[in-house]
Amino acid sequence: MKNMPLELMKYAQAAILTIAFTLTGCASTRLVDAQVNSFAPQPVATGASYRFERLPSQQHNPDQDQLEQLAQQALAKVGLKFSPAAALSVQVTAVQRQESNPRQNGVNIGVGLGWVFGNGAVSIGNRGALFPGLDAQQTNYWRQVSLVMRNAQQTVVFESHATHDGIWSDHATVLAALLDAALQGFPNPPEGVRRVNIDIPR
């Protein structure tokens with residue numbers, strides 16, 4: 001019985017250290033969880049050069065330049081090189097929807113926050129208010145990026161789509177993460193829909 005306060009103190013210290021470690025990680029990174037579906041009907045050579053191809057609706061869209069810059073960074077990570085004269089073409093598109101949804105009433109910490117202790121990140125979705133009476137409306141963003149690669153014969157050799165639904169409003173940062181997710185496993189990604197987690201700075 002005399003050792004009970006000391007044991008309780010040890011448990012409390014361990015709990016405090018765990019919470020502090022988790023919150024430190026949460027302050028530096030966040031998690032973009034993407035649903036990814038990829039297809040690779042024909043092989044793409046490692047280190048191949050590519051050019052961007054635009055749809056007519058993308059020709060004069062000011063956002064397309066930024067999207068292709070983000071795609072160029074993601075493609076460089078998998079070893080592809082940009083060249084305006086390349087035979088391989090890459091078509092990249094992005095779609096976003098913004099919705100304001102009413103939050104549920106009541107304290108809902110367990111469901112509202114998805115703690116990932118492995119990397120100290122936090123995945124936050126539209127799961128209800130943490131405290132009643134605060135912020136009755138929550139803005140949610142649904143985003144999807146798509147990449148389609150075609151060879152010189154205009155045959156599709158790679159296709160991938162990545163989707164994320166969350167509260168992050170910094171459009172470009174989330175799109176960059178989705179492009180990385182869409183290219184995970186390139187040039188031989190797994191078949192079927194899968195979840196890909198990308199850590200990004202807060």
# chains A, B, ... in the order shown; residues from 1 in each chain; ligands from 1

$ residues_around --residues "Asn101 (chain A)" --least-positions-apart "2" --cutoff "8 Å" --atoms "only C-alpha atoms" --output "PyMOL selection string"
chain A and resi 99+103+137-140

$ write_last_selection --atoms "C-alpha atoms" --output "PDB file, in the first residue's frame"
ATOM      1  CA  GLU A  99     -19.216  21.468 -48.455  1.00  0.00           C
ATOM      2  CA  ARG A 103     -21.422  18.854 -36.786  1.00  0.00           C
ATOM      3  CA  GLN A 137     -20.717  24.217 -39.227  1.00  0.00           C
ATOM      4  CA  GLN A 138     -17.591  22.475 -40.519  1.00  0.00           C
ATOM      5  CA  THR A 139     -16.206  22.945 -44.019  1.00  0.00           C
ATOM      6  CA  ASN A 140     -15.180  19.741 -45.754  1.00  0.00           C
TER       7      ASN A 140
END

$ residues_around --residues "Glu191 (chain A)" --least-positions-apart "2" --cutoff "12 Å" --atoms "only C-alpha atoms" --output "CSV table (one decimal) with N, CA, C and O atoms, in the first residue's frame"
chain,number,residue,atom,x,y,z
A,36,VAL,N,-6.7,5.2,-53.5
A,36,VAL,CA,-5.9,5.2,-54.8
A,36,VAL,C,-6.3,4.0,-55.6
A,36,VAL,O,-6.5,2.9,-55.1
A,37,ASN,N,-6.5,4.2,-56.9
A,37,ASN,CA,-6.8,3.1,-57.8
A,37,ASN,C,-6.0,3.4,-59.0
A,37,ASN,O,-6.1,4.4,-59.7
A,38,SER,N,-5.0,2.4,-59.3
A,38,SER,CA,-4.1,2.6,-60.4
A,38,SER,C,-4.2,1.4,-61.4
A,38,SER,O,-4.5,0.3,-61.0
A,39,PHE,N,-3.8,1.7,-62.6
A,39,PHE,CA,-3.7,0.7,-63.7
A,39,PHE,C,-2.4,0.9,-64.5
A,39,PHE,O,-2.1,2.0,-64.8
A,40,ALA,N,-1.8,-0.2,-64.8
A,40,ALA,CA,-0.5,-0.1,-65.6
A,40,ALA,C,-0.6,-1.2,-66.7
A,40,ALA,O,0.1,-2.2,-66.6
A,41,PRO,N,-1.4,-0.9,-67.7
A,41,PRO,CA,-1.5,-2.0,-68.8
A,41,PRO,C,-0.2,-2.2,-69.6
A,41,PRO,O,-0.1,-3.3,-70.1
A,159,GLU,N,-2.5,4.7,-65.6
A,159,GLU,CA,-3.6,5.6,-65.1
A,159,GLU,C,-3.7,5.4,-63.6
A,159,GLU,O,-3.7,4.3,-63.1
A,160,SER,N,-4.0,6.5,-63.0
A,160,SER,CA,-4.1,6.5,-61.5
A,160,SER,C,-5.0,7.6,-61.0
A,160,SER,O,-4.9,8.7,-61.5
A,184,GLN,N,2.4,6.2,-56.0
A,184,GLN,CA,3.0,5.2,-55.2
A,184,GLN,C,3.0,3.9,-55.8
A,184,GLN,O,2.0,3.4,-56.3
A,185,GLY,N,4.1,3.2,-55.9
A,185,GLY,CA,4.3,1.9,-56.5
A,185,GLY,C,4.6,2.0,-58.0
A,185,GLY,O,4.7,0.9,-58.6
A,186,PHE,N,4.7,3.2,-58.6
A,186,PHE,CA,5.0,3.4,-60.0
A,186,PHE,C,6.3,2.7,-60.3
A,186,PHE,O,7.3,2.9,-59.5
A,187,PRO,N,6.5,2.0,-61.4
A,187,PRO,CA,5.6,1.8,-62.5
A,187,PRO,C,4.7,0.6,-62.4
A,187,PRO,O,4.0,0.3,-63.3
A,188,ASN,N,4.8,-0.1,-61.3
A,188,ASN,CA,4.1,-1.4,-61.1
A,188,ASN,C,3.2,-1.3,-59.8
A,188,ASN,O,3.6,-2.0,-58.8
A,189,PRO,N,2.2,-0.5,-59.8
A,189,PRO,CA,1.4,-0.4,-58.6
A,189,PRO,C,0.6,-1.6,-58.3
A,189,PRO,O,0.3,-2.4,-59.2
A,193,VAL,N,-8.4,-1.0,-55.5
A,193,VAL,CA,-8.4,0.2,-54.7
A,193,VAL,C,-7.6,0.0,-53.4
A,193,VAL,O,-7.8,-1.1,-52.8
A,194,ARG,N,-6.8,0.9,-53.0
A,194,ARG,CA,-6.0,0.8,-51.8
A,194,ARG,C,-6.0,2.1,-51.1
A,194,ARG,O,-6.2,3.1,-51.7
A,195,ARG,N,-5.6,2.1,-49.8
A,195,ARG,CA,-5.4,3.3,-49.0
A,195,ARG,C,-3.9,3.6,-49.0
A,195,ARG,O,-3.1,2.7,-48.6

$ closest_residue --among "A:Leu55, A:Ala162, A:Val148, A:Val44" --to "Ala176 (chain A)" --atoms "only C-alpha atoms"
A:Ala162

$ closest_residue --among "A:Gln69, A:Ser89, A:Thr46, A:Ser100" --to "Val157 (chain A)" --atoms "only C-alpha atoms"
A:Ser89

$ select_by_dssp --residues "region 31-89 of chain A" --states "strand (DSSP E)" --output "list of chain:residue names"
A:Leu31, A:Val32, A:Asp33, A:Ala34, A:Gln35, A:Val36, A:Asn37, A:Ser38, A:Phe39, A:Ser49, A:Tyr50, A:Arg51, A:Phe52, A:Lys81, A:Phe82, A:Leu88, A:Ser89

$ residues_around --residues "Tyr50 (chain A)" --least-positions-apart "4" --cutoff "8 Å" --atoms "only C-alpha atoms" --output "PDB file with N, CA, C and O atoms, in the first residue's frame"
ATOM      1  N   LEU A  80      10.882  10.110 -63.434  1.00  0.00           N
ATOM      2  CA  LEU A  80      10.526  10.604 -64.767  1.00  0.00           C
ATOM      3  C   LEU A  80      11.041  12.026 -64.962  1.00  0.00           C
ATOM      4  O   LEU A  80      11.103  12.816 -64.021  1.00  0.00           O
ATOM      5  N   LYS A  81      11.392  12.336 -66.210  1.00  0.00           N
ATOM      6  CA  LYS A  81      12.002  13.631 -66.527  1.00  0.00           C
ATOM      7  C   LYS A  81      11.129  14.401 -67.519  1.00  0.00           C
ATOM      8  O   LYS A  81      10.685  13.847 -68.519  1.00  0.00           O
ATOM      9  N   PHE A  82      10.911  15.670 -67.216  1.00  0.00           N
ATOM     10  CA  PHE A  82      10.099  16.501 -68.104  1.00  0.00           C
ATOM     11  C   PHE A  82      10.892  16.946 -69.318  1.00  0.00           C
ATOM     12  O   PHE A  82      12.034  17.395 -69.212  1.00  0.00           O
ATOM     13  N   SER A  83      10.269  16.797 -70.499  1.00  0.00           N
ATOM     14  CA  SER A  83      10.858  17.260 -71.756  1.00  0.00           C
ATOM     15  C   SER A  83       9.722  17.582 -72.716  1.00  0.00           C
ATOM     16  O   SER A  83       8.922  16.695 -73.044  1.00  0.00           O
ATOM     17  N   PRO A  84       9.608  18.831 -73.176  1.00  0.00           N
ATOM     18  CA  PRO A  84       8.491  19.214 -74.054  1.00  0.00           C
ATOM     19  C   PRO A  84       8.411  18.388 -75.337  1.00  0.00           C
ATOM     20  O   PRO A  84       7.343  18.296 -75.953  1.00  0.00           O
ATOM     21  N   ALA A  85       9.512  17.776 -75.768  1.00  0.00           N
ATOM     22  CA  ALA A  85       9.526  17.020 -77.021  1.00  0.00           C
ATOM     23  C   ALA A  85       9.366  15.509 -76.808  1.00  0.00           C
ATOM     24  O   ALA A  85       9.495  14.736 -77.761  1.00  0.00           O
ATOM     25  N   ALA A  86       9.083  15.075 -75.600  1.00  0.00           N
ATOM     26  CA  ALA A  86       9.004  13.647 -75.303  1.00  0.00           C
ATOM     27  C   ALA A  86       7.796  13.004 -75.985  1.00  0.00           C
ATOM     28  O   ALA A  86       6.773  13.646 -76.240  1.00  0.00           O
ATOM     29  N   ALA A  87       7.924  11.710 -76.272  1.00  0.00           N
ATOM     30  CA  ALA A  87       6.819  10.972 -76.885  1.00  0.00           C
ATOM     31  C   ALA A  87       5.759  10.605 -75.846  1.00  0.00           C
ATOM     32  O   ALA A  87       4.560  10.604 -76.145  1.00  0.00           O
ATOM     33  N   LEU A  88       6.202  10.305 -74.629  1.00  0.00           N
ATOM     34  CA  LEU A  88       5.269   9.960 -73.564  1.00  0.00           C
ATOM     35  C   LEU A  88       4.557  11.221 -73.088  1.00  0.00           C
ATOM     36  O   LEU A  88       5.192  12.225 -72.764  1.00  0.00           O
ATOM     37  N   SER A  89       3.230  11.176 -73.055  1.00  0.00           N
ATOM     38  CA  SER A  89       2.458  12.335 -72.603  1.00  0.00           C
ATOM     39  C   SER A  89       1.787  12.028 -71.275  1.00  0.00           C
ATOM     40  O   SER A  89       1.417  10.882 -70.990  1.00  0.00           O
ATOM     41  N   VAL A  90       1.625  13.070 -70.468  1.00  0.00           N
ATOM     42  CA  VAL A  90       0.969  12.956 -69.163  1.00  0.00           C
ATOM     43  C   VAL A  90      -0.160  13.971 -69.110  1.00  0.00           C
ATOM     44  O   VAL A  90       0.059  15.166 -69.311  1.00  0.00           O
TER      45      VAL A  90
END

$ residues_around --residues "Tyr141 (chain A)" --least-positions-apart "2" --cutoff "8 Å" --atoms "only C-alpha atoms" --output "VMD selection string"
chain A and resid 96 to 99 139 143 165 to 169

$ residues_around --residues "Thr163 (chain A)" --least-positions-apart "6" --cutoff "8 Å" --atoms "only C-alpha atoms" --output "PyMOL selection string"
chain A and resi 34-36+142-145+178

$ write_last_selection --atoms "N, CA and C atoms" --output "short mmCIF file (atom, residue, chain, number, x, y, z; two decimals), in the first residue's frame"
data_model
loop_
_atom_site.label_atom_id
_atom_site.label_comp_id
_atom_site.auth_asym_id
_atom_site.auth_seq_id
_atom_site.Cartn_x
_atom_site.Cartn_y
_atom_site.Cartn_z
N ALA A 34 -5.48 8.79 -48.58
CA ALA A 34 -6.03 8.80 -49.93
C ALA A 34 -6.51 7.42 -50.33
N GLN A 35 -7.60 7.40 -51.07
CA GLN A 35 -8.04 6.18 -51.73
C GLN A 35 -7.47 6.21 -53.15
N VAL A 36 -6.68 5.21 -53.49
CA VAL A 36 -5.95 5.20 -54.75
C VAL A 36 -6.35 3.99 -55.58
N TRP A 142 -13.61 17.72 -50.63
CA TRP A 142 -13.41 16.47 -51.36
C TRP A 142 -12.55 16.79 -52.58
N ARG A 143 -11.44 16.06 -52.72
CA ARG A 143 -10.53 16.31 -53.84
C ARG A 143 -10.16 15.00 -54.53
N GLN A 144 -9.92 15.10 -55.83
CA GLN A 144 -9.43 13.96 -56.59
C GLN A 144 -8.43 14.43 -57.64
N VAL A 145 -7.31 13.74 -57.74
CA VAL A 145 -6.37 13.98 -58.82
C VAL A 145 -6.31 12.74 -59.70
N LEU A 178 -1.71 14.17 -52.81
CA LEU A 178 -2.51 13.23 -53.61
C LEU A 178 -1.75 12.76 -54.84
#
